There are 2 protein chains.
Amino acid sequence: MTAELRFVGLVESSLAGKDEAPKQADEGAPPATLRIAAEYTACCEGLHAGDEVLVLTWLDRADRDVQAVHPRGDTSRPLTGVFATRAPVRPNPIGLHRVEIVAISGAPGEPRALRVDALEALDGTPILDLKPVLASDARVR
Amino acid sequence: MTAELRFVGLVESSLAGKDEAPKQADEGAPPATLRIAAEYTACCEGLHAGDEVLVLTWLDRADRDVQAVHPRGDTSRPLTGVFATRAPVRPNPIGLHRVEIVAISGAPGEPRALRVDALEALDGTPILDLKPVLASDARVR
């Protein structure tokens, strides 16, 4: 069983290779631009500068056949299933990034560029989806 | 440009059809079971009852060609791009659900069943990924 993804845009970032990428956005990720393809810009209506959104990306340089890792690459830590870690390697390497939209450019029907504050995704990473942050995402139970 | 998803398991739920599904888990979603296929159970090592995880699902009954909706189906509200809503309809209908694992059954190498507290996904919905909740997901800025 399977399904096919549609790439709705690409990340533009100063992060060119895996060695440069921080493990998480709050560990020094640079600002980035989400370039949304013209055919998907209608999906962006209603987004505004200042909004916090979740960006879903396709981590296209991640190994899909690794099922367990040493967390954060620390071999002193035991091998752990990837579902219990945020490692990019996993059967479906979908990146989940919480960002703030700093600015939006482009008119309706044109390619849209969303500038975001900090994103730990490599330059050229495909974008799958954006979602607004809900209170229930942020709750601490 | 595209990529192919792998379904790692299926949701087992009392929610049979779209009309029964609440809009969000905190609006009355029932408990559910995540049935992980035997070939992906190694990904689950390190998950424990009591863990809070994000479940990514493939909302296979959602229309992928709708780019704008009236939020929450309320036609008095203006049409809004799907990236500014949590509607299931979107180019890549990936569901994002925060749940608590209540119990885990199944030995390594066997299909694994993860019982979760509340999930707003229909019975038979494919599972794409699980990720631990990070402090940065939960922060309120």
# chains A, B, ... in the order shown; residues from 1 in each chain; ligands from 1
$ interface_residues --of "chain B" --to "chain A" --cutoff "7 Å" --atoms "only C-alpha atoms" --output "VMD selection string"
chain B and resid 1 to 7 42 to 47 67 to 68 80 to 86 91 to 92 98 128 to 132 137 to 140
$ write_last_selection --atoms "N, CA and C atoms" --output "compact mmCIF listing (two decimals), in the first residue's frame"
# COMPACT_ATOMS: atom_id res chain seq x y z
N MET B 1 7.51 16.68 -9.65
CA MET B 1 8.34 16.06 -8.63
C MET B 1 7.43 15.38 -7.61
N THR B 2 7.85 14.22 -7.19
CA THR B 2 6.99 13.45 -6.30
C THR B 2 7.83 12.46 -5.51
N ALA B 3 7.21 11.83 -4.54
CA ALA B 3 7.85 10.75 -3.81
C ALA B 3 6.74 9.82 -3.33
N GLU B 4 7.10 8.58 -3.05
CA GLU B 4 6.11 7.58 -2.69
C GLU B 4 6.16 7.29 -1.19
N LEU B 5 4.99 7.33 -0.56
CA LEU B 5 4.89 7.03 0.86
C LEU B 5 4.87 5.52 1.10
N ARG B 6 5.28 5.13 2.30
CA ARG B 6 5.13 3.73 2.74
C ARG B 6 4.17 3.74 3.92
N PHE B 7 3.15 2.91 3.87
CA PHE B 7 2.22 2.82 4.99
C PHE B 7 2.79 1.86 6.01
N ALA B 42 10.55 -2.67 14.44
CA ALA B 42 11.84 -2.24 15.00
C ALA B 42 11.86 -0.72 15.21
N CYS B 43 11.06 -0.02 14.43
CA CYS B 43 10.98 1.45 14.58
C CYS B 43 10.36 1.85 15.91
N CYS B 44 9.64 0.92 16.55
CA CYS B 44 8.89 1.23 17.78
C CYS B 44 9.70 1.01 19.05
N GLU B 45 10.88 0.38 18.95
CA GLU B 45 11.66 0.11 20.16
C GLU B 45 12.03 1.42 20.84
N GLY B 46 11.76 1.53 22.12
CA GLY B 46 12.05 2.77 22.83
C GLY B 46 10.79 3.58 23.13
N LEU B 47 9.67 3.19 22.53
CA LEU B 47 8.39 3.80 22.89
C LEU B 47 7.81 3.06 24.09
N GLN B 67 -8.26 23.69 -2.62
CA GLN B 67 -7.18 24.57 -2.12
C GLN B 67 -7.69 25.60 -1.12
N ALA B 68 -9.01 25.78 -1.00
CA ALA B 68 -9.56 26.75 -0.05
C ALA B 68 -10.87 26.21 0.51
N THR B 80 -10.82 30.28 2.85
CA THR B 80 -9.47 30.43 3.40
C THR B 80 -8.59 29.34 2.79
N GLY B 81 -7.38 29.70 2.44
CA GLY B 81 -6.45 28.70 1.90
C GLY B 81 -6.22 27.58 2.89
N VAL B 82 -6.13 26.36 2.39
CA VAL B 82 -6.04 25.21 3.30
C VAL B 82 -4.78 25.23 4.16
N PHE B 83 -3.71 25.92 3.71
CA PHE B 83 -2.51 25.99 4.55
C PHE B 83 -2.74 26.83 5.81
N ALA B 84 -3.81 27.63 5.82
CA ALA B 84 -4.16 28.42 7.01
C ALA B 84 -5.24 27.75 7.84
N THR B 85 -5.58 26.51 7.52
CA THR B 85 -6.59 25.74 8.27
C THR B 85 -6.05 24.34 8.56
N ARG B 86 -6.78 23.62 9.44
CA ARG B 86 -6.42 22.23 9.69
C ARG B 86 -7.39 21.28 8.99
N PRO B 91 -3.32 19.46 -0.59
CA PRO B 91 -2.59 18.71 -1.63
C PRO B 91 -2.00 17.40 -1.12
N ASN B 92 -1.47 17.42 0.10
CA ASN B 92 -0.98 16.20 0.74
C ASN B 92 -1.72 16.03 2.05
N ARG B 98 -1.62 14.67 18.14
CA ARG B 98 -0.85 14.49 19.37
C ARG B 98 -1.62 13.56 20.28
N LEU B 128 1.76 6.92 8.81
CA LEU B 128 3.00 7.24 8.11
C LEU B 128 4.20 7.28 9.04
N ASP B 129 4.00 7.79 10.26
CA ASP B 129 5.15 8.08 11.12
C ASP B 129 4.67 8.34 12.54
N LEU B 130 5.58 8.11 13.50
CA LEU B 130 5.40 8.56 14.87
C LEU B 130 6.65 9.33 15.25
N LYS B 131 6.47 10.38 16.04
CA LYS B 131 7.60 11.19 16.50
C LYS B 131 7.36 11.55 17.95
N PRO B 132 8.42 11.55 18.77
CA PRO B 132 8.23 12.03 20.15
C PRO B 132 7.93 13.53 20.14
N ASP B 137 8.09 21.84 20.42
CA ASP B 137 6.74 21.74 19.84
C ASP B 137 5.71 22.39 20.77
N ALA B 138 6.01 22.25 22.08
CA ALA B 138 5.00 22.62 23.07
C ALA B 138 5.16 24.06 23.56
N ARG B 139 6.25 24.70 23.17
CA ARG B 139 6.48 26.04 23.70
C ARG B 139 5.39 27.00 23.21
N VAL B 140 5.04 27.94 24.04
CA VAL B 140 4.11 29.00 23.65
C VAL B 140 4.93 30.28 23.61
$ atom_distance --atom1 "CA of Ala16 in chain B" --atom2 "CA of Leu34 in chain B"
15.2 Å
$ select_by_dssp --residues "chain A" --states "strand (DSSP E)" --output "JSON, numbers by chain"
{"A": [4, 5, 6, 9, 10, 11, 12, 32, 33, 34, 35, 36, 52, 53, 54, 55, 56, 57, 58, 68, 69, 80, 81, 94, 95, 96, 97, 98, 99, 100, 101, 102, 103, 104, 105, 112, 113, 114, 115, 116, 126, 127, 128, 129, 130, 131, 132]}
$ write_last_selection --atoms "N, CA and C atoms" --output "compact mmCIF listing (two decimals), in the first residue's frame"
# COMPACT_ATOMS: atom_id res chain seq x y z
N GLU A 4 1.15 8.71 -3.35
CA GLU A 4 2.15 9.56 -3.96
C GLU A 4 2.03 10.99 -3.43
N LEU A 5 3.14 11.53 -3.00
CA LEU A 5 3.16 12.91 -2.51
C LEU A 5 3.23 13.90 -3.66
N ARG A 6 2.75 15.12 -3.40
CA ARG A 6 2.92 16.22 -4.34
C ARG A 6 3.81 17.26 -3.67
N GLY A 9 6.31 23.04 -3.03
CA GLY A 9 7.30 24.10 -3.07
C GLY A 9 8.63 23.57 -2.60
N LEU A 10 9.60 24.48 -2.47
CA LEU A 10 10.95 24.10 -2.06
C LEU A 10 11.47 25.07 -1.01
N VAL A 11 12.29 24.54 -0.10
CA VAL A 11 12.98 25.37 0.89
C VAL A 11 14.20 26.03 0.23
N GLU A 12 14.35 27.32 0.47
CA GLU A 12 15.57 28.02 0.06
C GLU A 12 16.31 28.40 1.35
N ALA A 32 14.95 31.04 6.61
CA ALA A 32 14.82 30.37 5.31
C ALA A 32 13.63 30.97 4.57
N THR A 33 13.53 30.64 3.29
CA THR A 33 12.39 31.06 2.48
C THR A 33 11.67 29.84 1.95
N LEU A 34 10.35 29.82 2.13
CA LEU A 34 9.52 28.74 1.57
C LEU A 34 9.00 29.25 0.23
N ARG A 35 9.47 28.65 -0.86
CA ARG A 35 9.01 29.06 -2.19
C ARG A 35 7.89 28.12 -2.62
N ILE A 36 6.65 28.66 -2.62
CA ILE A 36 5.48 27.87 -2.96
C ILE A 36 5.22 27.99 -4.47
N GLU A 52 2.33 31.67 13.39
CA GLU A 52 3.16 30.50 13.67
C GLU A 52 2.56 29.32 12.93
N VAL A 53 3.37 28.65 12.16
CA VAL A 53 2.86 27.51 11.39
C VAL A 53 3.80 26.32 11.54
N LEU A 54 3.21 25.14 11.29
CA LEU A 54 3.99 23.91 11.19
C LEU A 54 4.27 23.68 9.71
N VAL A 55 5.53 23.48 9.37
CA VAL A 55 5.91 23.18 7.99
C VAL A 55 6.26 21.70 7.92
N LEU A 56 5.64 20.99 6.98
CA LEU A 56 5.97 19.59 6.75
C LEU A 56 6.82 19.52 5.49
N THR A 57 7.98 18.89 5.61
CA THR A 57 8.90 18.79 4.47
C THR A 57 9.18 17.33 4.15
N TRP A 58 9.72 17.09 2.97
CA TRP A 58 10.17 15.75 2.58
C TRP A 58 11.69 15.75 2.63
N ALA A 68 16.50 1.98 13.34
CA ALA A 68 16.95 2.30 14.69
C ALA A 68 18.25 3.10 14.60
N VAL A 69 18.42 4.02 15.54
CA VAL A 69 19.60 4.90 15.54
C VAL A 69 20.09 5.10 16.97
N THR A 80 17.91 2.96 19.29
CA THR A 80 16.54 3.30 19.62
C THR A 80 15.73 3.33 18.32
N GLY A 81 14.51 2.79 18.36
CA GLY A 81 13.65 2.84 17.18
C GLY A 81 13.43 4.27 16.73
N ILE A 94 9.46 12.54 6.81
CA ILE A 94 8.70 13.79 6.82
C ILE A 94 9.24 14.66 7.95
N GLY A 95 9.74 15.83 7.60
CA GLY A 95 10.22 16.77 8.60
C GLY A 95 9.08 17.63 9.11
N LEU A 96 9.09 17.91 10.40
CA LEU A 96 8.05 18.71 11.04
C LEU A 96 8.74 19.87 11.74
N HIS A 97 8.43 21.09 11.32
CA HIS A 97 9.16 22.27 11.76
C HIS A 97 8.18 23.34 12.20
N ARG A 98 8.34 23.83 13.40
CA ARG A 98 7.51 24.94 13.84
C ARG A 98 8.25 26.25 13.57
N VAL A 99 7.63 27.14 12.81
CA VAL A 99 8.29 28.39 12.41
C VAL A 99 7.32 29.56 12.58
N GLU A 100 7.90 30.74 12.56
CA GLU A 100 7.09 31.96 12.48
C GLU A 100 7.29 32.57 11.10
N ILE A 101 6.18 32.96 10.46
CA ILE A 101 6.27 33.64 9.17
C ILE A 101 6.67 35.09 9.43
N VAL A 102 7.77 35.50 8.82
CA VAL A 102 8.27 36.86 9.04
C VAL A 102 7.74 37.79 7.95
N ALA A 103 7.61 37.31 6.73
CA ALA A 103 7.14 38.14 5.62
C ALA A 103 6.63 37.24 4.52
N ILE A 104 5.67 37.74 3.75
CA ILE A 104 5.12 37.00 2.60
C ILE A 104 5.20 37.93 1.39
N SER A 105 5.73 37.41 0.27
CA SER A 105 5.74 38.22 -0.95
C SER A 105 5.13 37.41 -2.09
N ARG A 112 4.69 32.16 -4.52
CA ARG A 112 4.64 32.86 -3.25
C ARG A 112 5.92 32.55 -2.48
N ALA A 113 6.49 33.54 -1.84
CA ALA A 113 7.69 33.35 -1.00
C ALA A 113 7.35 33.71 0.42
N LEU A 114 7.50 32.75 1.33
CA LEU A 114 7.25 32.97 2.75
C LEU A 114 8.59 32.94 3.47
N ARG A 115 8.96 34.05 4.05
CA ARG A 115 10.20 34.12 4.82
C ARG A 115 9.90 33.64 6.23
N VAL A 116 10.68 32.72 6.75
CA VAL A 116 10.44 32.20 8.11
C VAL A 116 11.69 32.39 8.96
N PRO A 126 12.01 19.55 -0.50
CA PRO A 126 10.62 19.73 -0.92
C PRO A 126 9.68 20.02 0.26
N ILE A 127 8.70 20.89 0.01
CA ILE A 127 7.67 21.23 1.00
C ILE A 127 6.41 20.43 0.68
N LEU A 128 5.82 19.85 1.73
CA LEU A 128 4.60 19.05 1.56
C LEU A 128 3.35 19.78 2.01
N ASP A 129 3.45 20.56 3.10
CA ASP A 129 2.24 21.09 3.72
C ASP A 129 2.62 22.19 4.71
N LEU A 130 1.67 23.08 4.95
CA LEU A 130 1.74 24.03 6.07
C LEU A 130 0.45 23.90 6.84
N LYS A 131 0.55 24.03 8.16
CA LYS A 131 -0.63 23.95 9.03
C LYS A 131 -0.50 25.01 10.12
N PRO A 132 -1.60 25.68 10.48
CA PRO A 132 -1.52 26.60 11.61
C PRO A 132 -1.28 25.82 12.91
$ atom_distance --atom1 "CA of Lys18 in chain A" --atom2 "CA of Pro31 in chain A"
16.5 Å
$ select_by_dssp --residues "range 28-91 of chain A" --states "helix (DSSP H, G or I)" --output "NGL selection string"
:A and (38-44 or 71-73 or 82-84)
$ atom_distance --atom1 "CA of Pro30 in chain B" --atom2 "CA of Gly50 in chain B"
17.3 Å
